[in-house]
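So this block is work03.txt, compact mmCIF, C-alpha atoms:
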# COMPACT_ATOMS: atom_id res chain seq x y z
CA MET A 1 -12.61 4.09 -4.06
CA ASN A 2 -12.86 5.67 -0.62
CA GLU A 3 -9.31 5.18 0.61
CA PHE A 4 -5.92 5.26 -1.07
CA GLN A 5 -2.74 4.04 0.57
CA THR A 6 0.40 5.96 -0.33
CA GLN A 7 3.77 4.29 -0.78
CA ALA A 8 4.54 5.21 2.84
CA HIS A 9 1.40 3.30 3.88
CA GLN A 10 -0.46 6.46 4.83
CA VAL A 11 -4.19 6.09 4.32
CA VAL A 12 -5.82 8.99 2.49
CA ASP A 13 -9.59 9.53 2.60
CA MET A 14 -10.25 9.96 -1.11
CA ALA A 15 -13.97 10.62 -0.59
CA ALA A 16 -13.14 13.57 1.67
CA LEU A 17 -10.70 14.93 -0.92
CA GLN A 18 -13.31 14.58 -3.67
CA GLN A 19 -15.81 16.47 -1.52
CA LEU A 20 -13.19 19.18 -0.94
CA MET A 21 -12.64 19.40 -4.69
CA GLY A 22 -16.39 19.80 -5.21
CA ARG A 23 -16.49 22.70 -2.76
CA CYS A 24 -13.71 24.43 -4.74
CA GLY A 25 -15.82 24.75 -7.87
CA LEU A 26 -14.83 23.71 -11.37
CA ASN A 27 -11.35 25.27 -11.51
CA ARG A 28 -8.94 22.31 -11.49
CA HIS A 29 -6.02 24.47 -10.36
CA ASP A 30 -7.92 25.67 -7.28
CA GLN A 31 -8.94 22.07 -6.60
CA LEU A 32 -5.35 20.85 -6.78
CA ILE A 33 -4.08 23.57 -4.45
CA ALA A 34 -6.79 22.69 -1.92
CA VAL A 35 -5.93 18.97 -2.21
CA PHE A 36 -2.23 19.67 -1.60
CA GLN A 37 -3.02 21.91 1.38
CA ALA A 38 -5.24 19.22 2.89
CA LEU A 39 -2.72 16.45 2.30
CA ILE A 40 0.24 18.41 3.65
CA GLY A 41 -1.83 19.48 6.65
CA ASP A 42 -2.67 15.83 7.32
CA GLY A 43 0.98 14.75 7.15
CA VAL A 44 1.09 13.41 3.60
CA ASN A 45 4.01 15.68 2.87
CA GLU A 46 6.49 13.90 0.61
CA GLY A 47 6.52 14.76 -3.09
CA PRO A 48 5.99 11.24 -4.45
CA HIS A 49 3.00 10.72 -2.15
CA LEU A 50 1.46 14.07 -3.06
CA VAL A 51 1.90 13.27 -6.75
CA SER A 52 0.51 9.74 -6.56
CA THR A 53 -2.54 10.86 -4.58
CA ALA A 54 -3.25 13.71 -6.99
CA LYS A 55 -2.96 11.32 -9.93
CA GLN A 56 -5.46 8.98 -8.25
CA LEU A 57 -7.84 11.97 -8.17
CA GLY A 58 -7.46 12.41 -11.93
CA PHE A 59 -5.03 15.32 -12.13
CA ASP A 60 -2.52 15.47 -14.98
CA GLY A 61 1.09 14.73 -14.00
CA GLN A 62 2.46 17.85 -15.65
CA HIS A 63 -0.12 20.04 -13.90
CA ILE A 64 0.75 18.39 -10.58
CA GLY A 65 4.49 19.05 -10.96
CA MET A 66 4.03 22.63 -12.11
CA THR A 67 1.63 23.40 -9.26
CA LEU A 68 3.89 21.90 -6.60
CA SER A 69 6.89 23.79 -7.94
CA HIS A 70 5.18 27.12 -8.57
CA HIS A 71 3.63 27.37 -5.12
CA THR A 72 6.72 26.22 -3.16
CA GLY A 73 8.76 28.87 -1.37
CA GLY A 74 9.07 30.97 1.71
CA ASP A 75 6.92 33.97 0.82
CA PRO A 76 3.38 33.53 2.17
CA VAL A 77 2.12 36.18 -0.27
CA SER A 78 2.96 34.09 -3.33
CA HIS A 79 3.49 30.56 -1.95
CA TYR A 80 1.30 28.09 -0.08
CA TRP A 81 3.95 25.66 1.19
CA SER A 82 7.69 25.24 1.57
CA ARG A 83 9.95 22.27 1.02
CA ASN A 84 12.29 21.37 3.84
CA GLN A 85 15.85 20.11 3.42
CA ASP A 86 14.62 16.54 3.95
CA GLY A 87 12.26 16.94 0.97
CA ARG A 88 9.08 17.17 3.01
CA TYR A 89 6.55 19.88 2.36
CA SER A 90 5.00 22.02 5.08
CA LEU A 91 2.29 24.67 4.95
CA LEU A 92 3.28 28.28 5.38
CA ASP A 93 1.72 30.14 8.30

Could the structure of this file be written out as structure tokens, please?
Amino acid sequence: MNEFQTQAHQVVDMAALQQLMGRCGLNRHDQLIAVFQALIGDGVNEGPHLVSTAKQLGFDGQHIGMTLSHHTGGDPVSHYWSRNQDGRYSLLD
């Protein structure tokens, strides 16, 4: 499977995400963070779409939810992304 279409009909290059995961090493948590950063940076920024794409890559649903929640906030020292009032995620600068 090279492409995955989210519920919002956004096409995600799964092969590119798998290559990114491979460059992150074996740590699944680091892989998931990198996947989320890539997706959000590419405009796949709604929770359900992030979750469904991560599941397609073989991540556990509980791990996905915990990672999204734990790394969401406004402090760039301890967070990677924020969640806007409309529910969309954006990367912190």

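Pairwise distance (atom CA of Gly73 of chain A, atom CA of Ile40 of chain A) equals 14.4 Å.
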
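The space between atom CA of Asn45 of chain A and atom CA of Tyr89 of chain A spans 4.9 Å.
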
Suppose you want the space between atom CA of Glu46 of chain A and atom CA of Arg88 of chain A; what is it in Å? 4.8 Å

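Distances to Met66 of chain A were evaluated for A:Arg83, A:Asp42, A:Leu32, A:Gln18 using all atoms listed in the file, and the minimum falls at A:Leu32.
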
Excluding His63 of chain A and its own-chain neighbours fewer than 3 positions away, which residues fall within 12 Å of it when counting only C-alpha atoms? Please give them as a PyMOL selection string. chain A and resi 28-33+51+54-55+58-60+66-70

Please produce a file of the residues just selected, as an mmCIF file, keeping the file's coordinate frame, where the atoms kept are C-alpha atoms.
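out_14.cif was written with the following content:
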data_model
loop_
_atom_site.group_PDB
_atom_site.id
_atom_site.type_symbol
_atom_site.label_atom_id
_atom_site.label_comp_id
_atom_site.auth_asym_id
_atom_site.auth_seq_id
_atom_site.Cartn_x
_atom_site.Cartn_y
_atom_site.Cartn_z
ATOM 1 C CA ARG A 28 -8.940 22.310 -11.490
ATOM 2 C CA HIS A 29 -6.020 24.470 -10.360
ATOM 3 C CA ASP A 30 -7.920 25.670 -7.280
ATOM 4 C CA GLN A 31 -8.940 22.070 -6.600
ATOM 5 C CA LEU A 32 -5.350 20.850 -6.780
ATOM 6 C CA ILE A 33 -4.080 23.570 -4.450
ATOM 7 C CA VAL A 51 1.900 13.270 -6.750
ATOM 8 C CA ALA A 54 -3.250 13.710 -6.990
ATOM 9 C CA LYS A 55 -2.960 11.320 -9.930
ATOM 10 C CA GLY A 58 -7.460 12.410 -11.930
ATOM 11 C CA PHE A 59 -5.030 15.320 -12.130
ATOM 12 C CA ASP A 60 -2.520 15.470 -14.980
ATOM 13 C CA MET A 66 4.030 22.630 -12.110
ATOM 14 C CA THR A 67 1.630 23.400 -9.260
ATOM 15 C CA LEU A 68 3.890 21.900 -6.600
ATOM 16 C CA SER A 69 6.890 23.790 -7.940
ATOM 17 C CA HIS A 70 5.180 27.120 -8.570
#

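Residues within 10 Å of Thr53 of chain A, counting all atoms listed in the file and excluding same-chain residues fewer than 2 positions away, are Phe4, Gln5, Thr6, Gln7, Val12, Met14, Leu17, Val35, Phe36, Leu39, Val44, Gly47, Pro48, His49, Leu50, Val51, Lys55, Gln56, Leu57, Gly58 and Phe59 of chain A.
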
Mind completing segment 38-64 of chain A with N, CA and C atoms? Output as a short mmCIF file (atom, residue, chain, number, x, y, z; two decimals), keeping the file's coordinate frame, please?
data_model
loop_
_atom_site.label_atom_id
_atom_site.label_comp_id
_atom_site.auth_asym_id
_atom_site.auth_seq_id
_atom_site.Cartn_x
_atom_site.Cartn_y
_atom_site.Cartn_z
N ALA A 38 -4.64 20.20 1.99
CA ALA A 38 -5.24 19.22 2.89
C ALA A 38 -4.28 18.07 3.17
N LEU A 39 -3.65 17.57 2.12
CA LEU A 39 -2.72 16.45 2.30
C LEU A 39 -1.54 16.83 3.18
N ILE A 40 -0.92 17.96 2.87
CA ILE A 40 0.24 18.41 3.65
C ILE A 40 -0.17 18.64 5.10
N GLY A 41 -1.32 19.25 5.30
CA GLY A 41 -1.83 19.48 6.65
C GLY A 41 -2.09 18.20 7.41
N ASP A 42 -2.41 17.13 6.69
CA ASP A 42 -2.67 15.83 7.32
C ASP A 42 -1.42 14.96 7.42
N GLY A 43 -0.27 15.50 7.02
CA GLY A 43 0.98 14.75 7.15
C GLY A 43 1.41 13.96 5.94
N VAL A 44 0.65 14.02 4.87
CA VAL A 44 1.09 13.41 3.60
C VAL A 44 1.90 14.49 2.92
N ASN A 45 3.21 14.51 3.21
CA ASN A 45 4.01 15.68 2.87
C ASN A 45 5.27 15.39 2.06
N GLU A 46 5.36 14.21 1.48
CA GLU A 46 6.49 13.90 0.61
C GLU A 46 6.03 13.98 -0.84
N GLY A 47 6.87 14.54 -1.70
CA GLY A 47 6.52 14.76 -3.09
C GLY A 47 5.91 13.57 -3.79
N PRO A 48 6.55 12.39 -3.74
CA PRO A 48 5.99 11.24 -4.45
C PRO A 48 4.58 10.87 -3.97
N HIS A 49 4.31 11.06 -2.69
CA HIS A 49 3.00 10.72 -2.15
C HIS A 49 1.96 11.76 -2.55
N LEU A 50 2.37 13.02 -2.59
CA LEU A 50 1.46 14.07 -3.06
C LEU A 50 1.10 13.82 -4.53
N VAL A 51 2.11 13.50 -5.32
CA VAL A 51 1.90 13.27 -6.75
C VAL A 51 1.00 12.05 -6.98
N SER A 52 1.30 10.94 -6.31
CA SER A 52 0.51 9.74 -6.56
C SER A 52 -0.94 9.91 -6.12
N THR A 53 -1.17 10.62 -5.03
CA THR A 53 -2.54 10.86 -4.58
C THR A 53 -3.28 11.75 -5.56
N ALA A 54 -2.62 12.81 -6.03
CA ALA A 54 -3.25 13.71 -6.99
C ALA A 54 -3.57 12.98 -8.30
N LYS A 55 -2.69 12.10 -8.72
CA LYS A 55 -2.96 11.32 -9.93
C LYS A 55 -4.17 10.42 -9.73
N GLN A 56 -4.30 9.83 -8.54
CA GLN A 56 -5.46 8.98 -8.25
C GLN A 56 -6.76 9.78 -8.34
N LEU A 57 -6.66 11.09 -8.09
CA LEU A 57 -7.84 11.97 -8.17
C LEU A 57 -8.08 12.48 -9.59
N GLY A 58 -7.24 12.07 -10.53
CA GLY A 58 -7.46 12.41 -11.93
C GLY A 58 -6.73 13.63 -12.44
N PHE A 59 -5.79 14.16 -11.66
CA PHE A 59 -5.03 15.32 -12.13
C PHE A 59 -3.91 14.87 -13.06
N ASP A 60 -3.58 15.71 -14.01
CA ASP A 60 -2.52 15.47 -14.98
C ASP A 60 -1.15 15.62 -14.30
N GLY A 61 -0.23 14.71 -14.62
CA GLY A 61 1.09 14.73 -14.00
C GLY A 61 1.85 16.02 -14.19
N GLN A 62 1.76 16.60 -15.38
CA GLN A 62 2.46 17.85 -15.65
C GLN A 62 1.88 18.99 -14.82
N HIS A 63 0.56 19.02 -14.71
CA HIS A 63 -0.12 20.04 -13.90
C HIS A 63 0.28 19.89 -12.43
N ILE A 64 0.37 18.66 -11.97
CA ILE A 64 0.75 18.39 -10.58
C ILE A 64 2.15 18.95 -10.30
#
